[in-house]
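entry.cif follows; it contains mmCIF, C-alpha atoms; chains and numbers go by the auth columns.
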```cif
data_final
loop_
_atom_site.group_PDB
_atom_site.id
_atom_site.type_symbol
_atom_site.label_atom_id
_atom_site.label_comp_id
_atom_site.label_asym_id
_atom_site.label_seq_id
_atom_site.Cartn_x
_atom_site.Cartn_y
_atom_site.Cartn_z
_atom_site.B_iso_or_equiv
_atom_site.auth_seq_id
_atom_site.auth_asym_id
ATOM 1 C CA MET A 1 79.881 102.487 36.337 0.00 25 R
ATOM 2 C CA ASN A 2 79.477 99.016 37.846 0.00 26 R
ATOM 3 C CA THR A 3 77.010 100.416 40.391 0.00 27 R
ATOM 4 C CA THR A 4 74.937 101.920 37.591 0.00 28 R
ATOM 5 C CA ARG A 5 74.807 98.581 35.777 0.00 29 R
ATOM 6 C CA LEU A 6 73.891 96.759 38.974 0.00 30 R
ATOM 7 C CA VAL A 7 71.047 99.172 39.708 0.00 31 R
ATOM 8 C CA ALA A 8 69.813 98.908 36.112 0.00 32 R
ATOM 9 C CA ALA A 9 69.936 95.097 36.222 0.00 33 R
ATOM 10 C CA LEU A 10 68.061 95.042 39.531 0.00 34 R
ATOM 11 C CA ALA A 11 65.395 97.413 38.210 0.00 35 R
ATOM 12 C CA LEU A 12 64.977 95.305 35.067 0.00 36 R
ATOM 13 C CA SER A 13 64.636 92.081 37.061 0.00 37 R
ATOM 14 C CA LEU A 14 61.968 93.656 39.273 0.00 38 R
ATOM 15 C CA MET A 15 60.015 94.778 36.215 0.00 39 R
ATOM 16 C CA LEU A 16 60.160 91.274 34.775 0.00 40 R
ATOM 17 C CA THR A 17 58.975 89.590 37.992 0.00 41 R
ATOM 18 C CA PRO A 18 55.628 87.931 37.265 0.00 42 R
ATOM 19 C CA LEU A 19 52.776 89.990 38.676 0.00 43 R
ATOM 20 C CA ALA A 20 50.993 86.786 39.678 0.00 44 R
ATOM 21 C CA ALA A 21 53.657 86.229 42.318 0.00 45 R
ATOM 22 C CA LEU A 22 52.622 89.517 43.924 0.00 46 R
ATOM 23 C CA ALA A 23 48.866 89.024 43.587 0.00 47 R
ATOM 24 C CA HIS A 24 46.248 88.394 46.240 0.00 48 R
ATOM 25 C CA VAL A 25 43.836 85.479 45.835 0.00 49 R
ATOM 26 C CA PHE A 26 40.152 86.072 45.162 0.00 50 R
ATOM 27 C CA PRO A 27 37.130 83.791 44.685 0.00 51 R
ATOM 28 C CA GLN A 28 36.548 82.557 41.146 0.00 52 R
ATOM 29 C CA LYS A 29 33.671 80.154 41.813 0.00 53 R
ATOM 30 C CA GLN A 30 31.304 79.826 44.766 0.00 54 R
ATOM 31 C CA GLU A 31 28.940 76.944 45.511 0.00 55 R
ATOM 32 C CA PRO A 32 26.248 77.879 46.329 0.00 56 R
ATOM 33 C CA GLY A 33 26.690 81.028 44.285 0.00 57 R
ATOM 34 C CA ALA A 34 26.274 84.569 45.549 0.00 58 R
ATOM 35 C CA GLY A 35 22.639 85.677 45.594 0.00 59 R
ATOM 36 C CA THR A 36 21.276 82.267 44.628 0.00 60 R
ATOM 37 C CA THR A 37 18.344 80.424 46.187 0.00 61 R
ATOM 38 C CA VAL A 38 19.033 76.714 46.614 0.00 62 R
ATOM 39 C CA GLU A 39 17.930 73.570 48.405 0.00 63 R
ATOM 40 C CA ALA A 40 19.862 73.091 51.656 0.00 64 R
ATOM 41 C CA PRO A 41 23.482 72.451 50.603 0.00 65 R
ATOM 42 C CA ALA A 42 25.704 69.932 52.384 0.00 66 R
ATOM 43 C CA ARG A 43 28.684 72.280 52.152 0.00 67 R
ATOM 44 C CA VAL A 44 29.966 75.599 50.876 0.00 68 R
ATOM 45 C CA THR A 45 32.912 75.493 48.481 0.00 69 R
ATOM 46 C CA ILE A 46 34.931 78.389 47.092 0.00 70 R
ATOM 47 C CA THR A 47 37.538 78.055 44.359 0.00 71 R
ATOM 48 C CA PHE A 48 40.135 80.827 44.454 0.00 72 R
ATOM 49 C CA ASP A 49 42.430 82.011 41.663 0.00 73 R
ATOM 50 C CA GLY A 50 45.566 80.763 43.414 0.00 74 R
ATOM 51 C CA PRO A 51 46.789 78.405 46.121 0.00 75 R
ATOM 52 C CA LEU A 52 45.805 79.071 49.732 0.00 76 R
ATOM 53 C CA GLU A 53 47.754 78.803 52.957 0.00 77 R
ATOM 54 C CA PRO A 54 45.570 76.254 54.844 0.00 78 R
ATOM 55 C CA ALA A 55 46.568 77.323 58.354 0.00 79 R
ATOM 56 C CA PHE A 56 45.369 80.897 57.806 0.00 80 R
ATOM 57 C CA SER A 57 42.465 80.571 55.335 0.00 81 R
ATOM 58 C CA SER A 58 38.896 79.956 56.486 0.00 82 R
ATOM 59 C CA LEU A 59 35.202 79.909 55.621 0.00 83 R
ATOM 60 C CA THR A 60 32.437 80.560 58.149 0.00 84 R
ATOM 61 C CA VAL A 61 28.709 80.432 57.401 0.00 85 R
ATOM 62 C CA THR A 62 26.258 82.406 59.538 0.00 86 R
ATOM 63 C CA ASP A 63 22.465 82.569 59.596 0.00 87 R
ATOM 64 C CA ALA A 64 20.373 85.748 59.346 0.00 88 R
ATOM 65 C CA ALA A 65 20.913 86.394 63.076 0.00 89 R
ATOM 66 C CA GLY A 66 24.696 86.201 62.647 0.00 90 R
ATOM 67 C CA LYS A 67 25.013 82.839 64.417 0.00 91 R
ATOM 68 C CA PRO A 68 27.605 80.434 62.924 0.00 92 R
ATOM 69 C CA VAL A 69 25.976 77.339 61.433 0.00 93 R
ATOM 70 C CA ASN A 70 28.919 75.335 60.132 0.00 94 R
ATOM 71 C CA THR A 71 29.562 72.303 62.307 0.00 95 R
ATOM 72 C CA ALA A 72 33.273 71.935 61.607 0.00 96 R
ATOM 73 C CA LYS A 73 36.252 74.052 60.641 0.00 97 R
ATOM 74 C CA SER A 74 36.757 74.750 56.975 0.00 98 R
ATOM 75 C CA THR A 75 39.453 72.912 55.053 0.00 99 R
ATOM 76 C CA VAL A 76 41.668 73.530 52.052 0.00 100 R
ATOM 77 C CA ASP A 77 41.811 70.641 49.577 0.00 101 R
ATOM 78 C CA THR A 78 45.300 69.093 49.633 0.00 102 R
ATOM 79 C CA GLN A 79 44.961 67.988 45.995 0.00 103 R
ATOM 80 C CA GLN A 80 43.596 71.371 44.855 0.00 104 R
ATOM 81 C CA PRO A 81 45.063 74.010 47.205 0.00 105 R
ATOM 82 C CA SER A 82 42.970 76.761 45.630 0.00 106 R
ATOM 83 C CA VAL A 83 39.724 75.146 46.883 0.00 107 R
ATOM 84 C CA ALA A 84 38.334 75.711 50.389 0.00 108 R
ATOM 85 C CA SER A 85 35.134 74.211 51.772 0.00 109 R
ATOM 86 C CA VAL A 86 33.136 73.877 54.954 0.00 110 R
ATOM 87 C CA ALA A 87 30.479 71.310 55.903 0.00 111 R
ATOM 88 C CA LEU A 88 26.988 72.433 56.867 0.00 112 R
ATOM 89 C CA PRO A 89 24.496 70.673 59.130 0.00 113 R
ATOM 90 C CA PRO A 90 21.895 68.400 57.543 0.00 114 R
ATOM 91 C CA ALA A 91 18.487 69.940 56.856 0.00 115 R
ATOM 92 C CA LEU A 92 19.625 73.556 56.993 0.00 116 R
ATOM 93 C CA ALA A 93 16.542 75.694 57.680 0.00 117 R
ATOM 94 C CA ALA A 94 15.119 78.021 55.050 0.00 118 R
ATOM 95 C CA GLY A 95 16.516 81.542 55.184 0.00 119 R
ATOM 96 C CA LYS A 96 19.406 83.792 54.283 0.00 120 R
ATOM 97 C CA TYR A 97 22.990 82.691 54.995 0.00 121 R
ATOM 98 C CA THR A 98 26.219 84.620 54.733 0.00 122 R
ATOM 99 C CA VAL A 99 29.588 83.116 53.878 0.00 123 R
ATOM 100 C CA HIS A 100 32.552 84.939 55.420 0.00 124 R
ATOM 101 C CA TRP A 101 35.877 84.006 53.821 0.00 125 R
ATOM 102 C CA VAL A 102 39.487 84.751 54.641 0.00 126 R
ATOM 103 C CA ALA A 103 42.067 83.744 52.050 0.00 127 R
ATOM 104 C CA VAL A 104 45.788 83.879 52.681 0.00 128 R
ATOM 105 C CA ALA A 105 47.860 83.228 49.588 0.00 129 R
ATOM 106 C CA SER A 106 50.994 81.115 49.704 0.00 130 R
ATOM 107 C CA ASP A 107 52.969 84.384 49.475 0.00 131 R
ATOM 108 C CA GLY A 108 51.321 85.612 52.712 0.00 132 R
ATOM 109 C CA HIS A 109 48.928 88.189 51.247 0.00 133 R
ATOM 110 C CA ARG A 110 45.508 88.187 52.972 0.00 134 R
ATOM 111 C CA THR A 111 42.128 88.979 51.418 0.00 135 R
ATOM 112 C CA HIS A 112 38.654 88.603 52.866 0.00 136 R
ATOM 113 C CA GLY A 113 35.034 89.111 51.980 0.00 137 R
ATOM 114 C CA ASP A 114 31.558 87.732 52.238 0.00 138 R
ATOM 115 C CA TYR A 115 28.518 86.893 50.157 0.00 139 R
ATOM 116 C CA SER A 116 25.017 85.620 50.819 0.00 140 R
ATOM 117 C CA PHE A 117 22.770 82.875 49.495 0.00 141 R
ATOM 118 C CA ASN A 118 19.261 81.738 50.392 0.00 142 R
ATOM 119 C CA VAL A 119 17.929 78.315 51.310 0.00 143 R
ATOM 120 C CA LYS A 120 14.345 77.573 50.257 0.00 144 R
#
```
Take the structure in the file and write it out as structure tokens.
Amino acid sequence: MNTTRLVAALALSLMLTPLAALAHVFPQKQEPGAGTTVEAPARVTITFDGPLEPAFSSLTVTDAAGKPVNTAKSTVDTQQPSVASVALPPALAAGKYTVHWVAVASDGHRTHGDYSFNVK
């Protein structure tokens, strides 16, 4: 009988565990935005829907030929751990650029993706 109660209590606690604790992080806002055409930006910034693990999260920007253009490693904002950004060189040439992102949540779950924007 005690085993049955223990199993029931464990099952109930698992059902009541917040789903957010088990969730992966995904982009909520991108600057420049996906598919946009903009003046040469100084940086790319992505805001995710949860905190990131800085050591394992990254942004890389490549040109149309697939060559990386960011001049430094990306960073996660210490004051806003859901925001990652990467600096771009001054006077970025006109063309299509792709942002490749890897986001590792504080719970260890990894997501990744990419999007493109154009510089006029």
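The nearest approach to Ala64 of chain R among the residues R:Ala89, R:Ala117, R:Val126, R:Ala108, with all atoms listed in the file taken into account, belongs to R:Ala117.
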Evaluate the PyMOL selection byres ((chain R and resi 112) around 8) and report residues as a count of residues only: 13
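Residues of protein, DNA or RNA having at least one counted atom within 9 Å of (30.5, 81.9, 46.6), given only C-alpha atoms, are Pro51, Gln52, Lys53, Gln54, Glu55, Pro56, Gly57, Ala58, Gly59, Val68, Thr69, Ile70, Thr71, Val123, Asp138, Tyr139, Ser140 and Phe141 of chain R.
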Evaluated on this file, the PyMOL selection byres ((chain R and resi 143) around 6) picks out some residues - which ones are they, written as a ChimeraX atom specification? /R:61-64,118-119,142,144
Test item: residues at most 8 Å from His124 of chain R, only C-alpha atoms, excluding those fewer than 6 positions along its chain, as a ChimeraX atom specification: /R:83-86,136-139
Residues returned when the PyMOL selection byres ((chain R and resi 106) around 7) runs on this file, as a tab-separated table (two decimals) with C-alpha atoms, in the coordinates of the input:
```tsv
chain	number	residue	atom	x	y	z
R	71	THR	CA	37.54	78.06	44.36
R	72	PHE	CA	40.14	80.83	44.45
R	73	ASP	CA	42.43	82.01	41.66
R	74	GLY	CA	45.57	80.76	43.41
R	75	PRO	CA	46.79	78.40	46.12
R	76	LEU	CA	45.80	79.07	49.73
R	104	GLN	CA	43.60	71.37	44.86
R	105	PRO	CA	45.06	74.01	47.20
R	107	VAL	CA	39.72	75.15	46.88
R	108	ALA	CA	38.33	75.71	50.39
```
